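Undergrad: Input: one structure, supplied below.
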Amino acid sequence: MFGKRPDGRLVKNLEPIQKIMPYIMKSRTDSMNMYEDIFACEPMDDYIKLKAEEGLKLSYMHILIAAVVRMIALRPQLNRFCINGRIYTRPKIWVSFVVHPVLKDGSAGTTVKLCFEGTETIGEIAAKVNEAIANETVKRTGENGIDRLLRVLMNNIPGPFIKGVINLLLWMDKHNIMPRFIVELSPFHTSFFITNLKSLGINHIYHHVYEFGTTGLFFAIGKEKRVPVVQSKDEVTIQKQMGWGLVSDERFCDGLYFALSLRQLRKFMADPALLEQPLEARAEDVK
């Protein structure tokens with residue numbers, strides 16, 4: 001209440017247009033922008049092969065998570081969120097993604113939420129991601145905190161009252177009185193969500209950002225393809241590319257800031273070795 005939250009600090013030094021946008025576009029779904037692009041796979045494949053020879057197993061997912069974490073660390077407005085007409089900035093960088101123990105019909109996935117300072121190297125991020133995946137697959141011995149919370153809610157609340165409980169949680173979140181432990185466990189209170197549809201063998205999608213929680217960036221990567229690319233006037237080559245989609249909440253930063261930020265992301269994806277050096281300090285957002 002009064003602007004204080006366990007997962008963010010109220011941003012006060014905003015331009016008038018930034019202050020009024022959350023009152024014009026009141027919901028996250030009302031303010032969704034959808035963006036589509038491709039990543040060339042060859043630079044990532046070469047880097048993955050090089051790191052494998054050094055004993056580090058990487059995937060496109062590892063590279064993308066590390067690249068987005070670094071992008072947000074350098075471009076702090078991307079780590080903002082909008083709730084109840086106000087814009088907040090997060091103290092750290094969170095990522096959420098779904099893990100499936102096996103890729104079979106009926107196999108329930110579980111959601112993982114990880115926290116980063118933003119200064120980590122790609123190796124440190126990959127190690128943390130791999131540990132989280134292993135804990136939910138080969139090392140899994142029981143439910144994680146997120147699954148336990150959902151099971152308690154769904155097993156102990158009669159069906160007719162579930163809607164009321166969810167509305168209560170939305171109201172509490174809106175007024176900054178959501179219990180800290182729920183915010184910390186909730187995968188919907190995150191800097192960005194990512195879904196790896198390449199592992200399912202399908203193309204990328206535009207995944208909605210959730211009304212519940214604070215997610216303002218949702219990335220989806222799809223199955224790679226070989227496509228003809230015009231290199232010059234008289235030369236066409238076949239290039240392996242991976243498509244990706246981004247759905248974003250446009251209220252917490254403007255289009256120019258997004259465009260310049262995505263330029264940084266493309267640079268990291270084209271040369272993942274740039275992520276090997278730790279960042280001295282994360283850029284600070286305005287007061």
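So you can find residues: chains in the structure tokens are A, B, ... in the order shown, residues in each start at 1, and ligands are numbered from 1 in order.
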Quick one: residues within 8 Å of region 74-89 of chain A, only C-alpha atoms counted, chain neighbours fewer than 3 positions away excluded, as a ChimeraX atom specification?

TA: /A:8-11,19,22-23,26,70-71,93,174-175,191,214-216,251-253,258,261,282-285

Undergrad: Could those selected residues go to a file with C-alpha atoms, as a PDB file, in the first residue's frame?

TA:
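Final output, saved to out11.pdb:
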ATOM      1  CA  GLY A   8       9.431  -3.330  -6.861  1.00  0.00           C
ATOM      2  CA  ARG A   9      10.046   0.344  -6.206  1.00  0.00           C
ATOM      3  CA  LEU A  10       7.673   3.055  -7.418  1.00  0.00           C
ATOM      4  CA  VAL A  11       9.158   5.082 -10.285  1.00  0.00           C
ATOM      5  CA  LYS A  19       2.246   8.707 -16.230  1.00  0.00           C
ATOM      6  CA  PRO A  22      -1.618   3.295 -17.557  1.00  0.00           C
ATOM      7  CA  TYR A  23      -4.889   5.178 -17.086  1.00  0.00           C
ATOM      8  CA  LYS A  26      -5.908  -0.012 -17.971  1.00  0.00           C
ATOM      9  CA  ARG A  70      22.048  -8.979 -19.917  1.00  0.00           C
ATOM     10  CA  MET A  71      19.763  -6.787 -22.052  1.00  0.00           C
ATOM     11  CA  ILE A  93      15.829  -9.793 -12.706  1.00  0.00           C
ATOM     12  CA  LYS A 174      -3.400  -4.151  -7.023  1.00  0.00           C
ATOM     13  CA  HIS A 175      -3.240  -2.502  -3.601  1.00  0.00           C
ATOM     14  CA  SER A 191      10.664  -9.778 -15.347  1.00  0.00           C
ATOM     15  CA  THR A 214       3.411  -8.378 -13.304  1.00  0.00           C
ATOM     16  CA  THR A 215       4.825 -10.100 -16.417  1.00  0.00           C
ATOM     17  CA  GLY A 216       5.500  -7.489 -19.074  1.00  0.00           C
ATOM     18  CA  ARG A 251       3.031   1.118 -20.829  1.00  0.00           C
ATOM     19  CA  PHE A 252       6.319   1.017 -18.935  1.00  0.00           C
ATOM     20  CA  CYS A 253       8.638   2.227 -21.732  1.00  0.00           C
ATOM     21  CA  PHE A 258      12.185  -1.114 -26.919  1.00  0.00           C
ATOM     22  CA  SER A 261      16.961  -2.660 -26.468  1.00  0.00           C
ATOM     23  CA  ARG A 282      23.550  -3.382 -13.493  1.00  0.00           C
ATOM     24  CA  ALA A 283      22.317  -0.037 -14.823  1.00  0.00           C
ATOM     25  CA  GLU A 284      20.075   1.712 -12.313  1.00  0.00           C
ATOM     26  CA  ASP A 285      16.612   2.939 -13.194  1.00  0.00           C
TER      27      ASP A 285
END

Undergrad: For CA of Val209 (chain A) and CA of Val247 (chain A), determine how far apart the two atoms are, in Å to one decimal place.

TA: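 Between CA of Val209 (chain A) and CA of Val247 (chain A) the gap is 6.7 Å.
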
Undergrad: By how many Å are CA of Phe212 (chain A) and CA of Asp173 (chain A) apart?

TA: 8.6 Å

Undergrad: Pick the closest to Ile38 (chain A) from A:Gln239, A:Thr190, A:Thr119, A:Gln277: which is it, counting only C-alpha atoms?

TA: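 Among A:Gln239, A:Thr190, A:Thr119, A:Gln277, it is A:Gln239 that comes nearest to Ile38 (chain A).
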
Undergrad: Fewer than 2 positions away in the same chain doesn't count, so skip those; otherwise give me all residues within 10 Å of Tyr210 (chain A), counting only C-alpha atoms, as a ChimeraX atom specification.

TA: /A:27-29,188-189,193,207-208,212-218

Undergrad: For those residues, write C-alpha atoms to a file as a PDB file, in the first residue's frame.

TA:
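Listing of again_29.pdb after writing:
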ATOM      1  CA  SER A  27      -5.155  -3.693 -18.536  1.00  0.00           C
ATOM      2  CA  ARG A  28      -2.085  -5.623 -19.657  1.00  0.00           C
ATOM      3  CA  THR A  29      -3.998  -7.256 -22.496  1.00  0.00           C
ATOM      4  CA  PHE A 188       3.558 -14.562 -12.924  1.00  0.00           C
ATOM      5  CA  HIS A 189       5.458 -11.951 -10.897  1.00  0.00           C
ATOM      6  CA  PHE A 193       8.511 -15.365 -19.192  1.00  0.00           C
ATOM      7  CA  HIS A 207       2.053 -15.675 -26.093  1.00  0.00           C
ATOM      8  CA  HIS A 208      -0.198 -13.339 -24.121  1.00  0.00           C
ATOM      9  CA  PHE A 212      -2.458 -11.862 -12.913  1.00  0.00           C
ATOM     10  CA  GLY A 213       0.991 -10.844 -11.741  1.00  0.00           C
ATOM     11  CA  THR A 214       3.411  -8.378 -13.304  1.00  0.00           C
ATOM     12  CA  THR A 215       4.825 -10.100 -16.417  1.00  0.00           C
ATOM     13  CA  GLY A 216       5.500  -7.489 -19.074  1.00  0.00           C
ATOM     14  CA  LEU A 217       7.680  -9.466 -21.503  1.00  0.00           C
ATOM     15  CA  PHE A 218       6.874 -12.906 -22.925  1.00  0.00           C
TER      16      PHE A 218
END

Undergrad: Could you tell me which of A:Ala126, A:Leu149, A:Met172, A:Ala67 comes closest to Leu265 (chain A) if we count only C-alpha atoms?

TA: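 Selected residue with least distance to Leu265 (chain A): A:Ala67.
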
Undergrad: Hey, which of A:Leu260, A:Ile63, A:Leu197, A:Val236 ends up closest to Gly222 (chain A)? Count only C-alpha atoms.

TA: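 Nearest to Gly222 (chain A): A:Leu197.
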
Undergrad: Can you tell me, as a list in words, what residues are no more than 10 Å from Phe219 (chain A) when counting only C-alpha atoms, ignoring any on the same chain fewer than 6 positions away?

TA: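 The filter keeps Tyr35, Glu36, Leu64, Ile65, Val68, Phe97, Phe192, Phe193, Ile194, Thr195, Asn196, His204, Ile205, Tyr206, His207, His208, Val209, Trp244, Gly245, Leu246, Val247 and Ser248 of chain A.
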
Undergrad: Measure the distance from CA of Asp30 (chain A) to CA of Gln18 (chain A) in Å and round it to one decimal.

TA: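 Computing it gives 15.7 Å between the two atoms.
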
Undergrad: So which residues touch Ala132 (chain A) within 9 Å, counting only C-alpha atoms, skipping near sequence neighbours fewer than 3 positions away, as a ChimeraX atom specification?

TA: /A:112-114,127-129,135-137

Undergrad: Please return as a list in words: the residues of region 51-152 of chain A that backbone DSSP assigns to strand (DSSP E).

TA: Arg80, Phe81, Cys82, Ile83, Arg86, Ile87, Tyr88, Thr89, Ile93, Trp94, Val95, Ser96, Phe97, Val98, Val99, Thr110, Thr111, Val112, Lys113, Leu114, Cys115 and Phe116 of chain A

Undergrad: Keeping only N, CA and C atoms, take the residues you just selected and write them out as an mmCIF file, in the first residue's frame.

TA:
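Contents of part20.cif, as written:
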data_model
loop_
_atom_site.group_PDB
_atom_site.id
_atom_site.type_symbol
_atom_site.label_atom_id
_atom_site.label_comp_id
_atom_site.auth_asym_id
_atom_site.auth_seq_id
_atom_site.Cartn_x
_atom_site.Cartn_y
_atom_site.Cartn_z
ATOM 1 N N ARG A 80 10.632 -2.901 -15.633
ATOM 2 C CA ARG A 80 9.519 -2.241 -14.957
ATOM 3 C C ARG A 80 8.244 -3.066 -15.116
ATOM 4 N N PHE A 81 7.247 -2.700 -14.328
ATOM 5 C CA PHE A 81 5.918 -3.268 -14.506
ATOM 6 C C PHE A 81 4.884 -2.236 -14.089
ATOM 7 N N CYS A 82 3.688 -2.440 -14.587
ATOM 8 C CA CYS A 82 2.597 -1.495 -14.339
ATOM 9 C C CYS A 82 1.478 -2.194 -13.591
ATOM 10 N N ILE A 83 1.030 -1.589 -12.495
ATOM 11 C CA ILE A 83 -0.084 -2.152 -11.737
ATOM 12 C C ILE A 83 -0.841 -1.021 -11.044
ATOM 13 N N ARG A 86 0.170 2.594 -11.748
ATOM 14 C CA ARG A 86 1.500 3.052 -11.352
ATOM 15 C C ARG A 86 2.577 2.174 -11.973
ATOM 16 N N ILE A 87 3.747 2.753 -12.146
ATOM 17 C CA ILE A 87 4.861 2.038 -12.750
ATOM 18 C C ILE A 87 5.942 1.812 -11.698
ATOM 19 N N TYR A 88 6.381 0.564 -11.605
ATOM 20 C CA TYR A 88 7.394 0.163 -10.631
ATOM 21 C C TYR A 88 8.606 -0.404 -11.366
ATOM 22 N N THR A 89 9.749 -0.401 -10.692
ATOM 23 C CA THR A 89 10.947 -1.026 -11.227
ATOM 24 C C THR A 89 11.427 -2.092 -10.251
ATOM 25 N N ILE A 93 16.395 -9.304 -11.449
ATOM 26 C CA ILE A 93 15.829 -9.793 -12.706
ATOM 27 C C ILE A 93 15.343 -11.222 -12.498
ATOM 28 N N TRP A 94 14.069 -11.446 -12.790
ATOM 29 C CA TRP A 94 13.475 -12.768 -12.635
ATOM 30 C C TRP A 94 13.078 -13.323 -14.002
ATOM 31 N N VAL A 95 13.217 -14.630 -14.152
ATOM 32 C CA VAL A 95 12.765 -15.307 -15.368
ATOM 33 C C VAL A 95 11.927 -16.509 -14.956
ATOM 34 N N SER A 96 10.843 -16.744 -15.678
ATOM 35 C CA SER A 96 9.990 -17.913 -15.449
ATOM 36 C C SER A 96 9.886 -18.723 -16.736
ATOM 37 N N PHE A 97 9.860 -20.049 -16.588
ATOM 38 C CA PHE A 97 9.663 -20.925 -17.747
ATOM 39 C C PHE A 97 9.128 -22.260 -17.259
ATOM 40 N N VAL A 98 8.512 -22.996 -18.176
ATOM 41 C CA VAL A 98 7.886 -24.265 -17.851
ATOM 42 C C VAL A 98 8.831 -25.411 -18.200
ATOM 43 N N VAL A 99 8.897 -26.393 -17.300
ATOM 44 C CA VAL A 99 9.709 -27.591 -17.511
ATOM 45 C C VAL A 99 8.783 -28.802 -17.560
ATOM 46 N N THR A 110 5.833 -28.166 -14.920
ATOM 47 C CA THR A 110 5.930 -27.359 -13.718
ATOM 48 C C THR A 110 6.685 -26.084 -14.070
ATOM 49 N N THR A 111 6.360 -25.009 -13.405
ATOM 50 C CA THR A 111 6.964 -23.722 -13.720
ATOM 51 C C THR A 111 8.120 -23.423 -12.782
ATOM 52 N N VAL A 112 9.206 -22.960 -13.369
ATOM 53 C CA VAL A 112 10.408 -22.601 -12.623
ATOM 54 C C VAL A 112 10.574 -21.084 -12.676
ATOM 55 N N LYS A 113 10.954 -20.509 -11.550
ATOM 56 C CA LYS A 113 11.225 -19.072 -11.476
ATOM 57 C C LYS A 113 12.608 -18.876 -10.867
ATOM 58 N N LEU A 114 13.480 -18.187 -11.604
ATOM 59 C CA LEU A 114 14.850 -17.969 -11.165
ATOM 60 C C LEU A 114 15.136 -16.477 -11.043
ATOM 61 N N CYS A 115 16.020 -16.134 -10.132
ATOM 62 C CA CYS A 115 16.379 -14.744 -9.885
ATOM 63 C C CYS A 115 17.849 -14.510 -10.230
ATOM 64 N N PHE A 116 18.118 -13.411 -10.919
ATOM 65 C CA PHE A 116 19.480 -13.042 -11.279
ATOM 66 C C PHE A 116 19.760 -11.591 -10.899
#

Undergrad: Just checking: using only C-alpha atoms, which residue out of A:Leu170, A:Val69, A:Val286, A:Val230 ends up closest to Leu14 (chain A)?

TA: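 Ranked by minimum distance to Leu14 (chain A), first place goes to A:Val286.
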
Undergrad: Once DSSP has gone over the backbone, tell me which residues of region 6-232 of chain A are in alpha helix (DSSP H), as a PyMOL selection string.

TA: chain A and resi 16-24+41-53+60-74+122-136+145-156+159-174+180-185
